[in-house]
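The structure appears right after this line, and notes come after that.
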Amino acid sequence: MQNPFLSRKFSTIYAIVWFVIIIAQIVILSIFTDSDTASVVIQSLIANFSFASLGFGIWFVVKYNLAHKNNIHTLLIFSISGIIVVGLWMGFNFIIQSMIMKLSNGSLNFNNHPLYQFTTGVFLYTIFVLIYRIMILFYKYAEKARSEEKLLKLVTETKLHALKAYINPHFLFNSLNSVNALITVNPEKAREMLVNLSEYFRYSLKQKDNSFIRLADEIHYTLTYFEIEKQRFGDKIDLVTEIDETCADVDVPVMILQPLFENIIKHAVSESLVDIKVKFIVKNEKDYLFISLSNNYDIDGVSRSGTGIGLRTTYERISLIYDQKDLTQYSRENGIFKVELRIPLKHKE
């Protein structure tokens with residue numbers, strides 16, 4: 001959360017509240033003390049304006065100490081900070097009021113009661129801390145709600161995009177044409193392709209309500225999709241896999257791999273005149289599941305413009321789910337396009 005004083009709305013409200021406090025204190029001091037009106041007004045202005053200025057600093061004290069999980073440590077920091085803030089405030093008031101009294105030759109008389117000032121300072125500091133904490137907690141709650149809403153939208157967008165890709169005429173026509181061509185030449189291969197097509201449709205519909213899936217299942221169905229597409233291009237695609245079997249039971253976001261393989265078909269294989277070699281690596285790397293997908297591409301090929309939904313939603317979904325921005329990396333060097341994902345192994349849904 002950014003400093004609230006950068007917001008014109010907050011600054012305006014802040015100024016209005018202190019104006020009301022100053023007026024209220026002037027009225028109270030005028031009723032319950034023997035000081036003249038000028039002394040009361042000046043004393044109230046000095047005391048409240050100085051504490052209002054300290055309110056800027058109290059914000060940083062609250063913000064940077066809420067990160068500590070140790071409640072005793074947090075309480076100690078707030079207590080020490082409160083003593084320092086109140087001490088500075090009382091010292092500033094005493095110096096300024098003494099200077100003004102000396103300059104006025106005693107015509108102004110301020111009621112300085114240390115205990116009253118200390119109690120007032122502690123009260124105001126406590127109010128500041130509570131208000132800032134409530135603001136930060138409310139902001140975090142609102143941010144979490146926005147992130148969950150955005151994540152839900154992204155998941156839905158990805159699933160709908162995947163279903164659309166599978167059901168649209170191009171996918172169906174290409175797949176059925178490939179089956180038709182194989183029926184007379186290789187009936188067994190045609191039958192296998194139909195089984196894969198049916199299995200993937202079933203998987204796509206089955207996962208519509210799921211957020212996570214076993215890595216082994218995600219890989220199986222993603223490679224099923226890839227095999228269907230691969231039939232259209234024959235030997236033009238060569239897939240090499242290096243999969244650590246110990247990672248099979250790791251839970252990963254559903255349909256996190258399919259957009260990456262689809263990207264290869266759409267932007268490398270379809271637009272290339274050269275053979276495409278795809279390398280798919282999955283392994284355990286300390287506290288992360290490491291996934292790497294790389295492929296060569298035709299440097300002289302014509303790039304097809306697209307929405308980039310596959311790579312974009314993969315990055316945003318992983319960033320939102322695991323609350324980290326550095327889990328997805330893309331690189332394009334020496335004719336090789338590479339995508340690397342790191343999935344935290346210790347994660348609660």
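Chain identifiers are assigned as A, B, and so on, following the order in which chains appear in the structure tokens; residues are numbered from 1 within each chain, and ligands are numbered from 1 in order of appearance.
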
Do a neighbour search on Asn109 (chain A) at 10 Å with only C-alpha atoms, toss out local chain neighbours closer than 5 positions, and write the hits as a PDB file with N, CA and C atoms, in the first residue's frame.
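Result saved to part.pdb:
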```
ATOM      1  N   ASP A  34      -8.209  29.431  32.440  1.00  0.00           N
ATOM      2  CA  ASP A  34      -8.302  30.885  32.592  1.00  0.00           C
ATOM      3  C   ASP A  34      -7.533  31.627  31.506  1.00  0.00           C
ATOM      4  N   SER A  35      -6.988  30.903  30.540  1.00  0.00           N
ATOM      5  CA  SER A  35      -6.182  31.536  29.489  1.00  0.00           C
ATOM      6  C   SER A  35      -7.045  32.396  28.583  1.00  0.00           C
ATOM      7  N   ASP A  36      -6.427  33.441  28.047  1.00  0.00           N
ATOM      8  CA  ASP A  36      -7.159  34.304  27.119  1.00  0.00           C
ATOM      9  C   ASP A  36      -7.294  33.609  25.772  1.00  0.00           C
ATOM     10  N   ALA A  38      -6.417  34.430  22.698  1.00  0.00           N
ATOM     11  CA  ALA A  38      -5.232  34.384  21.836  1.00  0.00           C
ATOM     12  C   ALA A  38      -4.284  33.274  22.251  1.00  0.00           C
ATOM     13  N   SER A  39      -4.065  33.130  23.577  1.00  0.00           N
ATOM     14  CA  SER A  39      -3.173  32.079  24.084  1.00  0.00           C
ATOM     15  C   SER A  39      -3.726  30.695  23.755  1.00  0.00           C
ATOM     16  N   VAL A  40      -5.039  30.526  23.924  1.00  0.00           N
ATOM     17  CA  VAL A  40      -5.680  29.240  23.659  1.00  0.00           C
ATOM     18  C   VAL A  40      -5.545  28.869  22.186  1.00  0.00           C
ATOM     19  N   ILE A  42      -3.333  29.979  19.897  1.00  0.00           N
ATOM     20  CA  ILE A  42      -1.939  29.708  19.511  1.00  0.00           C
ATOM     21  C   ILE A  42      -1.472  28.361  20.059  1.00  0.00           C
ATOM     22  N   GLN A  43      -1.822  28.066  21.339  1.00  0.00           N
ATOM     23  CA  GLN A  43      -1.420  26.799  21.946  1.00  0.00           C
ATOM     24  C   GLN A  43      -2.020  25.616  21.192  1.00  0.00           C
ATOM     25  N   GLN A  97       6.553  27.245  22.483  1.00  0.00           N
ATOM     26  CA  GLN A  97       5.720  28.038  23.383  1.00  0.00           C
ATOM     27  C   GLN A  97       6.561  28.970  24.262  1.00  0.00           C
ATOM     28  N   SER A  98       7.733  28.469  24.696  1.00  0.00           N
ATOM     29  CA  SER A  98       8.622  29.300  25.521  1.00  0.00           C
ATOM     30  C   SER A  98       9.130  30.497  24.725  1.00  0.00           C
ATOM     31  N   ILE A 100       7.625  31.920  22.144  1.00  0.00           N
ATOM     32  CA  ILE A 100       6.516  32.845  21.901  1.00  0.00           C
ATOM     33  C   ILE A 100       6.189  33.654  23.158  1.00  0.00           C
ATOM     34  N   MET A 101       6.237  32.986  24.330  1.00  0.00           N
ATOM     35  CA  MET A 101       5.966  33.700  25.587  1.00  0.00           C
ATOM     36  C   MET A 101       7.019  34.780  25.837  1.00  0.00           C
ATOM     37  N   SER A 104       6.424  37.682  23.498  1.00  0.00           N
ATOM     38  CA  SER A 104       5.199  38.449  23.809  1.00  0.00           C
ATOM     39  C   SER A 104       5.312  39.200  25.123  1.00  0.00           C
TER      40      SER A 104
END
```

As a PDB file with N, CA and C atoms, in the first residue's frame, please: all residues of region 247-299 of chain A that backbone DSSP puts in strand (DSSP E).
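Here's the written file states_1.pdb:
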```pdb
ATOM      1  N   ASP A 251       1.035 -31.169  -7.172  1.00  0.00           N
ATOM      2  CA  ASP A 251      -0.151 -30.478  -7.697  1.00  0.00           C
ATOM      3  C   ASP A 251       0.268 -29.210  -8.431  1.00  0.00           C
ATOM      4  N   VAL A 252      -0.255 -29.028  -9.629  1.00  0.00           N
ATOM      5  CA  VAL A 252       0.032 -27.837 -10.434  1.00  0.00           C
ATOM      6  C   VAL A 252      -1.291 -27.241 -10.901  1.00  0.00           C
ATOM      7  N   PRO A 253      -1.307 -25.956 -11.247  1.00  0.00           N
ATOM      8  CA  PRO A 253      -2.540 -25.350 -11.771  1.00  0.00           C
ATOM      9  C   PRO A 253      -3.012 -26.076 -13.028  1.00  0.00           C
ATOM     10  N   ILE A 276      11.081 -28.897 -36.407  1.00  0.00           N
ATOM     11  CA  ILE A 276      11.063 -28.306 -35.068  1.00  0.00           C
ATOM     12  C   ILE A 276      11.356 -29.384 -34.028  1.00  0.00           C
ATOM     13  N   LYS A 277      12.354 -29.122 -33.223  1.00  0.00           N
ATOM     14  CA  LYS A 277      12.692 -30.040 -32.133  1.00  0.00           C
ATOM     15  C   LYS A 277      12.258 -29.416 -30.806  1.00  0.00           C
ATOM     16  N   VAL A 278      11.409 -30.117 -30.101  1.00  0.00           N
ATOM     17  CA  VAL A 278      10.869 -29.625 -28.827  1.00  0.00           C
ATOM     18  C   VAL A 278      11.500 -30.413 -27.687  1.00  0.00           C
ATOM     19  N   LYS A 279      11.992 -29.707 -26.685  1.00  0.00           N
ATOM     20  CA  LYS A 279      12.576 -30.354 -25.513  1.00  0.00           C
ATOM     21  C   LYS A 279      11.777 -29.980 -24.274  1.00  0.00           C
ATOM     22  N   PHE A 280      11.269 -30.991 -23.591  1.00  0.00           N
ATOM     23  CA  PHE A 280      10.395 -30.803 -22.433  1.00  0.00           C
ATOM     24  C   PHE A 280      11.074 -31.413 -21.215  1.00  0.00           C
ATOM     25  N   ILE A 281      11.401 -30.560 -20.216  1.00  0.00           N
ATOM     26  CA  ILE A 281      12.129 -31.007 -19.023  1.00  0.00           C
ATOM     27  C   ILE A 281      11.306 -30.714 -17.776  1.00  0.00           C
ATOM     28  N   VAL A 282      11.191 -31.720 -16.905  1.00  0.00           N
ATOM     29  CA  VAL A 282      10.521 -31.546 -15.615  1.00  0.00           C
ATOM     30  C   VAL A 282      11.403 -32.183 -14.552  1.00  0.00           C
ATOM     31  N   LYS A 283      11.758 -31.394 -13.533  1.00  0.00           N
ATOM     32  CA  LYS A 283      12.601 -31.946 -12.473  1.00  0.00           C
ATOM     33  C   LYS A 283      12.382 -31.194 -11.166  1.00  0.00           C
ATOM     34  N   ASN A 284      12.869 -31.808 -10.105  1.00  0.00           N
ATOM     35  CA  ASN A 284      12.784 -31.210  -8.777  1.00  0.00           C
ATOM     36  C   ASN A 284      14.020 -30.351  -8.560  1.00  0.00           C
ATOM     37  N   GLU A 285      13.806 -29.081  -8.192  1.00  0.00           N
ATOM     38  CA  GLU A 285      14.922 -28.158  -8.003  1.00  0.00           C
ATOM     39  C   GLU A 285      14.758 -27.453  -6.666  1.00  0.00           C
ATOM     40  N   TYR A 288      11.373 -26.078  -5.478  1.00  0.00           N
ATOM     41  CA  TYR A 288      10.530 -25.777  -6.633  1.00  0.00           C
ATOM     42  C   TYR A 288      10.456 -26.962  -7.592  1.00  0.00           C
ATOM     43  N   LEU A 289       9.345 -27.011  -8.304  1.00  0.00           N
ATOM     44  CA  LEU A 289       9.210 -27.902  -9.445  1.00  0.00           C
ATOM     45  C   LEU A 289       9.633 -27.089 -10.662  1.00  0.00           C
ATOM     46  N   PHE A 290      10.656 -27.547 -11.336  1.00  0.00           N
ATOM     47  CA  PHE A 290      11.205 -26.809 -12.475  1.00  0.00           C
ATOM     48  C   PHE A 290      10.692 -27.406 -13.777  1.00  0.00           C
ATOM     49  N   ILE A 291      10.098 -26.575 -14.618  1.00  0.00           N
ATOM     50  CA  ILE A 291       9.567 -27.006 -15.915  1.00  0.00           C
ATOM     51  C   ILE A 291      10.182 -26.143 -17.000  1.00  0.00           C
ATOM     52  N   SER A 292      10.762 -26.793 -17.996  1.00  0.00           N
ATOM     53  CA  SER A 292      11.381 -26.074 -19.107  1.00  0.00           C
ATOM     54  C   SER A 292      10.849 -26.626 -20.423  1.00  0.00           C
ATOM     55  N   LEU A 293      10.463 -25.734 -21.301  1.00  0.00           N
ATOM     56  CA  LEU A 293       9.957 -26.121 -22.624  1.00  0.00           C
ATOM     57  C   LEU A 293      10.648 -25.236 -23.657  1.00  0.00           C
ATOM     58  N   SER A 294      11.422 -25.856 -24.531  1.00  0.00           N
ATOM     59  CA  SER A 294      12.161 -25.080 -25.520  1.00  0.00           C
ATOM     60  C   SER A 294      11.977 -25.673 -26.909  1.00  0.00           C
ATOM     61  N   ASN A 295      12.115 -24.835 -27.909  1.00  0.00           N
ATOM     62  CA  ASN A 295      12.001 -25.277 -29.299  1.00  0.00           C
ATOM     63  C   ASN A 295      12.756 -24.324 -30.207  1.00  0.00           C
ATOM     64  N   ASN A 296      13.268 -24.879 -31.295  1.00  0.00           N
ATOM     65  CA  ASN A 296      13.867 -24.015 -32.303  1.00  0.00           C
ATOM     66  C   ASN A 296      12.752 -23.443 -33.174  1.00  0.00           C
TER      67      ASN A 296
END
```

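CA of Val254 (chain A) is found 15.5 Å from CA of Arg312 (chain A).
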
| request: May I ask which of the residues A:Asn65, A:Asn105, A:Ser44, A:Ser272 is the closest one to Phe233 (chain A), counting only C-alpha atoms? | output: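 Using only C-alpha atoms, the shortest distance to Phe233 (chain A) belongs to A:Ser272.
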
| field | Interatomic distance (Å, one decimal) between CA of Phe78 (chain A) and CA of Val129 (chain A) | value | 8.4 Å

| message | Using only C-alpha atoms, which protein or nucleic acid residues come within 10 Å of Ile219 (chain A)? Drop anything in the same chain fewer than 6 positions from it, and give the result as a ChimeraX atom specification. | response | /A:213,225,243,248,255-258,282

Using only C-alpha atoms, please write the residues we just selected to a file, as a PDB file, in the first residue's frame.
```
ATOM      1  CA  ILE A 213      -4.282 -31.297 -10.923  1.00  0.00           C
ATOM      2  CA  TYR A 225      -3.245 -32.804 -27.186  1.00  0.00           C
ATOM      3  CA  ILE A 243      10.625 -36.030 -16.775  1.00  0.00           C
ATOM      4  CA  ALA A 248       4.385 -37.095 -10.586  1.00  0.00           C
ATOM      5  CA  MET A 255      -4.141 -26.484 -17.931  1.00  0.00           C
ATOM      6  CA  ILE A 256      -0.879 -24.689 -17.170  1.00  0.00           C
ATOM      7  CA  LEU A 257       1.112 -26.622 -19.795  1.00  0.00           C
ATOM      8  CA  GLN A 258      -1.328 -26.870 -22.698  1.00  0.00           C
ATOM      9  CA  VAL A 282      10.521 -31.546 -15.615  1.00  0.00           C
TER      10      VAL A 282
END
```

| request: Skip region 130-136 of chain A itself and residues of its chain fewer than 3 positions away, then list as a ChimeraX atom specification all residues within 7 Å of it, counting only C-alpha atoms. | output: /A:1,59,62,126-127,139-140

Selected residues, C-alpha atoms, written as a tab-separated table (two decimals), in the first residue's frame, please.
```
chain	number	residue	atom	x	y	z
A	1	MET	CA	0.00	0.00	0.00
A	59	TRP	CA	2.61	5.92	8.95
A	62	VAL	CA	3.16	1.17	11.25
A	126	THR	CA	-2.47	5.12	19.66
A	127	ILE	CA	-5.31	6.45	17.50
A	139	TYR	CA	-6.22	-2.59	1.72
A	140	LYS	CA	-4.74	-6.11	1.94
```

| What's the 10 Å shell around Arg191 (chain A), counting only C-alpha atoms, without same-chain residues fewer than 5 positions away, as a count of residues only? | 6

| So, counting only C-alpha atoms, which residue among A:Ser81, A:Ser11, A:Gln324, A:Gln231 is closest to Leu194 (chain A)? |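 With only C-alpha atoms as the atom set, the closest residue is A:Gln231.
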
| CA of Phe49 (chain A) and CA of Ile22 (chain A) are how many Å apart? |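 The value is 8.7 Å.
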
| task | Skip Gln2 (chain A) itself and residues of its chain fewer than 3 positions away, then list as a PyMOL selection string all residues within 10 Å of it, counting only C-alpha atoms. | result | chain A and resi 5-7+63+136

Keeping only N, CA and C atoms, write the selected residues as a compact mmCIF listing (two decimals), in the first residue's frame.
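Result saved to out.txt:
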```txt
# COMPACT_ATOMS: atom_id res chain seq x y z
N PHE A 5 -0.89 9.70 2.21
CA PHE A 5 -0.79 11.15 2.06
C PHE A 5 -0.57 11.57 0.61
N LEU A 6 -0.24 10.58 -0.25
CA LEU A 6 -0.11 10.87 -1.68
C LEU A 6 -1.47 10.99 -2.34
N SER A 7 -2.50 10.57 -1.61
CA SER A 7 -3.86 10.67 -2.13
C SER A 7 -4.47 12.02 -1.73
N LYS A 63 3.62 0.84 8.89
CA LYS A 63 3.74 0.06 7.65
C LYS A 63 4.88 -0.95 7.70
N ILE A 136 -4.35 -0.47 6.43
CA ILE A 136 -3.48 -1.45 5.77
C ILE A 136 -4.17 -2.80 5.65
```
